[in-house]
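What follows is one structure encoded as structure tokens, with my remarks underneath.
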Amino acid sequence: MRQWLAAAVVTVCLPVSVPALAQGADPTQVSQARAAAKELGQQLKAQLMASIKAGDPKAALGVCKTVAPALSQQIGADRGMKVARTALKVRNPDNAPDGWERMVLEDFAGKIAAGADARRLERAEVLTDAGGASTFRYMKAIPMGAQPCLTCHGAPEPSLGAEIKRLYPRDQATGFRPGELRGAFTITAPAR
């Protein structure tokens with residue numbers, strides 16, 4: 001009985017004591033991924049704010065539809081990594097999470113529901129496939145902010161909602177409130 005109890009304690013405690021960034025990821029690569037996510041977030045927010053400030057929230061949809069993928073691709077190319085965004089509720093089906101991303105997003109959502117600050121949630125690890133190739137993976141949570149996010153991802157006004165449905169017929173990305181998990185930046189690169 002004691003051996004079983006000791007094993008149960010270790011099993012229960014182990015996941016809690018392992019830091020999210022202690023999964024074999026190179027600290028330099030983690031720093032580079034953080035910088036890429038930060039750059040994409042800052043550039044995207046600046047473009048969205050400029051569109052909304054110009055008085056046309058519909059123009060912000062164009063930023064997300066065309067500018068965000070171009071920014072992601074450019075930042076990734078500059079840094080030698082794939083840079084993207086994903087979410088549990090996507091607007092663009094091309095941004096749907098893969099299995100690992102979904103697992104991390106669900107973990108982030110659970111932590112936020114338990115009171116964690118979404119702005120601090122991140123995860124990095126090295127995954128090895130069946131062929132022995134190792135891949136670095138990193139995700140940084142994107143919390144739902146008040147502006148510019150709520151304009152299109154909260155409860156959009158009717159004409160904006162109609163435009164969202166026109167551009168994204170399978171949209172799932174409305175109805176969010178500030179502080180909730182909107183999605184995450186996701187970075188992939190060959191592991192070092």
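Numbering starts fresh at 1 for the residues of each chain in the structure tokens, the chains themselves are lettered A, B, ... in the order given, and ligands are numbered from 1 as they appear.
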If we count only C-alpha atoms and set the cut-off at 9 Å, which residues sit around Gly154 in chain A, ignoring sequence neighbours fewer than 3 positions away in its own chain? Please answer as a list in words.
Met144, Ala146, Cys149, Leu150, Thr151, Ala173, Thr174, Gly175, Phe176, Arg177 and Pro178 of chain A
Give me, as a PyMOL selection string, all polymer residues having an atom no more than 9 Å from Ala184 in chain A, counting only C-alpha atoms and skipping those fewer than 4 positions away in the same chain.
chain A and resi 84-87+101+105+122+139-143
Neighbouring residues of range 37-47 of chain A were defined as those with any atom within 9 Å, considering only C-alpha atoms; residues of the same chain fewer than 3 positions away were excluded. Please report them as a ChimeraX atom specification.
/A:32-34,50-52,60,63-64,67-68,71-72,75,83-84,139-140,142,148-149,185-187
Atoms to include: C-alpha atoms. Write the selected residues as a short mmCIF file (atom, residue, chain, number, x, y, z; two decimals), in the first residue's frame.
```cif
data_model
loop_
_atom_site.label_atom_id
_atom_site.label_comp_id
_atom_site.auth_asym_id
_atom_site.auth_seq_id
_atom_site.Cartn_x
_atom_site.Cartn_y
_atom_site.Cartn_z
CA GLN A 32 14.40 33.92 -30.22
CA ALA A 33 10.88 32.48 -30.33
CA ARG A 34 9.73 34.94 -27.66
CA ALA A 50 -4.24 52.26 -37.30
CA SER A 51 -7.09 50.69 -39.31
CA ILE A 52 -9.61 51.15 -36.53
CA ALA A 60 -9.06 45.74 -39.65
CA VAL A 63 -5.25 43.47 -41.84
CA CYS A 64 -5.98 40.10 -40.25
CA VAL A 67 -1.30 41.63 -43.51
CA ALA A 68 -1.06 39.20 -40.58
CA LEU A 71 3.93 39.62 -41.37
CA SER A 72 4.10 36.08 -39.99
CA ILE A 75 9.22 37.50 -39.46
CA VAL A 83 5.75 31.93 -37.17
CA ALA A 84 1.96 31.80 -37.03
CA MET A 139 3.60 28.87 -28.01
CA LYS A 140 2.78 32.16 -26.30
CA ILE A 142 -2.69 35.72 -26.73
CA PRO A 148 -8.44 46.42 -30.79
CA CYS A 149 -9.56 42.82 -30.22
CA PHE A 185 1.49 32.67 -31.31
CA THR A 186 3.06 29.43 -32.46
CA ILE A 187 6.67 28.99 -33.54
#
```
Kindly indicate which residue among A:Arg137, A:Lys58, A:Lys53, A:His153 lies nearest to Gly183 in chain A, using only C-alpha atoms for the distances.
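That would be A:His153, the residue with the smallest distance to Gly183 in chain A.
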May I have all residues of range 11-157 of chain A that DSSP, computed from the backbone, assigns to strand (DSSP E), given as a list of chain:residue names?
A:Lys82, A:Val83, A:Ala84, A:Arg85, A:Thr86, A:Glu122, A:Arg123, A:Ala124, A:Glu125, A:Val126, A:Leu127, A:Thr128, A:Ser134, A:Thr135, A:Phe136, A:Arg137, A:Tyr138, A:Met139, A:Lys140, A:Ala141, A:Ile142, A:Pro143
Store the residues of this selection in a file with N, CA, C and O atoms, as a JSON list (two decimals), in the first residue's frame.
```json
[["chain", "number", "residue", "atom", "x", "y", "z"],
["A", 82, "LYS", "N", 9.15, 29.04, -38.53],
["A", 82, "LYS", "CA", 7.77, 29.25, -38.97],
["A", 82, "LYS", "C", 7.05, 29.98, -37.83],
["A", 82, "LYS", "O", 7.06, 29.53, -36.69],
["A", 83, "VAL", "N", 6.45, 31.10, -38.14],
["A", 83, "VAL", "CA", 5.75, 31.93, -37.17],
["A", 83, "VAL", "C", 4.29, 32.04, -37.60],
["A", 83, "VAL", "O", 4.00, 32.34, -38.76],
["A", 84, "ALA", "N", 3.38, 31.76, -36.68],
["A", 84, "ALA", "CA", 1.96, 31.80, -37.03],
["A", 84, "ALA", "C", 1.12, 32.09, -35.78],
["A", 84, "ALA", "O", 1.65, 32.27, -34.69],
["A", 85, "ARG", "N", -0.19, 32.14, -35.99],
["A", 85, "ARG", "CA", -1.15, 32.24, -34.90],
["A", 85, "ARG", "C", -2.14, 31.10, -35.04],
["A", 85, "ARG", "O", -2.42, 30.65, -36.14],
["A", 86, "THR", "N", -2.66, 30.65, -33.90],
["A", 86, "THR", "CA", -3.67, 29.61, -33.90],
["A", 86, "THR", "C", -4.59, 29.84, -32.71],
["A", 86, "THR", "O", -4.33, 30.70, -31.87],
["A", 122, "GLU", "N", 3.24, 30.54, -21.57],
["A", 122, "GLU", "CA", 4.01, 30.13, -22.74],
["A", 122, "GLU", "C", 4.46, 28.69, -22.53],
["A", 122, "GLU", "O", 4.44, 28.17, -21.41],
["A", 123, "ARG", "N", 4.86, 28.07, -23.62],
["A", 123, "ARG", "CA", 5.38, 26.70, -23.53],
["A", 123, "ARG", "C", 6.36, 26.48, -24.67],
["A", 123, "ARG", "O", 6.11, 26.89, -25.79],
["A", 124, "ALA", "N", 7.45, 25.81, -24.35],
["A", 124, "ALA", "CA", 8.45, 25.44, -25.35],
["A", 124, "ALA", "C", 8.91, 24.03, -25.06],
["A", 124, "ALA", "O", 9.06, 23.65, -23.90],
["A", 125, "GLU", "N", 9.10, 23.28, -26.12],
["A", 125, "GLU", "CA", 9.66, 21.95, -25.95],
["A", 125, "GLU", "C", 10.20, 21.45, -27.28],
["A", 125, "GLU", "O", 9.95, 22.04, -28.33],
["A", 126, "VAL", "N", 10.94, 20.38, -27.20],
["A", 126, "VAL", "CA", 11.48, 19.73, -28.38],
["A", 126, "VAL", "C", 10.74, 18.41, -28.55],
["A", 126, "VAL", "O", 10.68, 17.61, -27.62],
["A", 127, "LEU", "N", 10.16, 18.23, -29.72],
["A", 127, "LEU", "CA", 9.45, 17.00, -30.05],
["A", 127, "LEU", "C", 10.29, 16.19, -31.03],
["A", 127, "LEU", "O", 10.89, 16.76, -31.94],
["A", 128, "THR", "N", 10.31, 14.89, -30.86],
["A", 128, "THR", "CA", 11.05, 14.01, -31.76],
["A", 128, "THR", "C", 10.06, 13.09, -32.45],
["A", 128, "THR", "O", 9.25, 12.44, -31.79],
["A", 134, "SER", "N", 14.17, 16.02, -34.64],
["A", 134, "SER", "CA", 13.72, 16.84, -33.51],
["A", 134, "SER", "C", 13.28, 18.21, -33.99],
["A", 134, "SER", "O", 13.95, 18.84, -34.81],
["A", 135, "THR", "N", 12.14, 18.66, -33.46],
["A", 135, "THR", "CA", 11.56, 19.95, -33.82],
["A", 135, "THR", "C", 11.31, 20.77, -32.57],
["A", 135, "THR", "O", 10.77, 20.27, -31.59],
["A", 136, "PHE", "N", 11.72, 22.02, -32.62],
["A", 136, "PHE", "CA", 11.46, 22.97, -31.53],
["A", 136, "PHE", "C", 10.07, 23.53, -31.73],
["A", 136, "PHE", "O", 9.70, 23.95, -32.83],
["A", 137, "ARG", "N", 9.26, 23.55, -30.67],
["A", 137, "ARG", "CA", 7.91, 24.12, -30.70],
["A", 137, "ARG", "C", 7.78, 25.10, -29.55],
["A", 137, "ARG", "O", 8.24, 24.84, -28.45],
["A", 138, "TYR", "N", 7.14, 26.23, -29.83],
["A", 138, "TYR", "CA", 6.93, 27.27, -28.83],
["A", 138, "TYR", "C", 5.55, 27.87, -29.05],
["A", 138, "TYR", "O", 5.13, 28.08, -30.18],
["A", 139, "MET", "N", 4.86, 28.15, -27.94],
["A", 139, "MET", "CA", 3.60, 28.87, -28.01],
["A", 139, "MET", "C", 3.54, 29.91, -26.90],
["A", 139, "MET", "O", 3.99, 29.67, -25.79],
["A", 140, "LYS", "N", 2.99, 31.06, -27.24],
["A", 140, "LYS", "CA", 2.78, 32.16, -26.30],
["A", 140, "LYS", "C", 1.31, 32.53, -26.38],
["A", 140, "LYS", "O", 0.79, 32.84, -27.46],
["A", 141, "ALA", "N", 0.63, 32.49, -25.25],
["A", 141, "ALA", "CA", -0.81, 32.80, -25.21],
["A", 141, "ALA", "C", -1.08, 34.23, -25.67],
["A", 141, "ALA", "O", -0.31, 35.14, -25.38],
["A", 142, "ILE", "N", -2.20, 34.39, -26.36],
["A", 142, "ILE", "CA", -2.69, 35.72, -26.73],
["A", 142, "ILE", "C", -3.98, 35.93, -25.94],
["A", 142, "ILE", "O", -5.01, 35.31, -26.24],
["A", 143, "PRO", "N", -3.93, 36.77, -24.91],
["A", 143, "PRO", "CA", -5.16, 37.03, -24.16],
["A", 143, "PRO", "C", -6.07, 37.98, -24.95],
["A", 143, "PRO", "O", -5.60, 38.80, -25.72]]
```
Residues flagged helix (DSSP H, G or I) by DSSP in range 24-155 of chain A, as a PyMOL selection string
chain A and resi 27-53+57-79+93-95+99-113+118-120+149-153
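Proximity to Gly110 in chain A at 10 Å, evaluated using only C-alpha atoms and with sequence-adjacent residues fewer than 6 positions away removed, yields Val104, Ala116 and Leu181 of chain A.
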Which of these, A:Lys65, A:Arg79, A:Arg182, A:Arg170, has the shortest distance to Ala109 in chain A once you count only C-alpha atoms?
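Counting only C-alpha atoms, the residue closest to Ala109 in chain A is A:Arg182.
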Enter the distance from CA of Arg102 in chain A to CA of Ser31 in chain A, in Å, rounded to one decimal.
22.5 Å
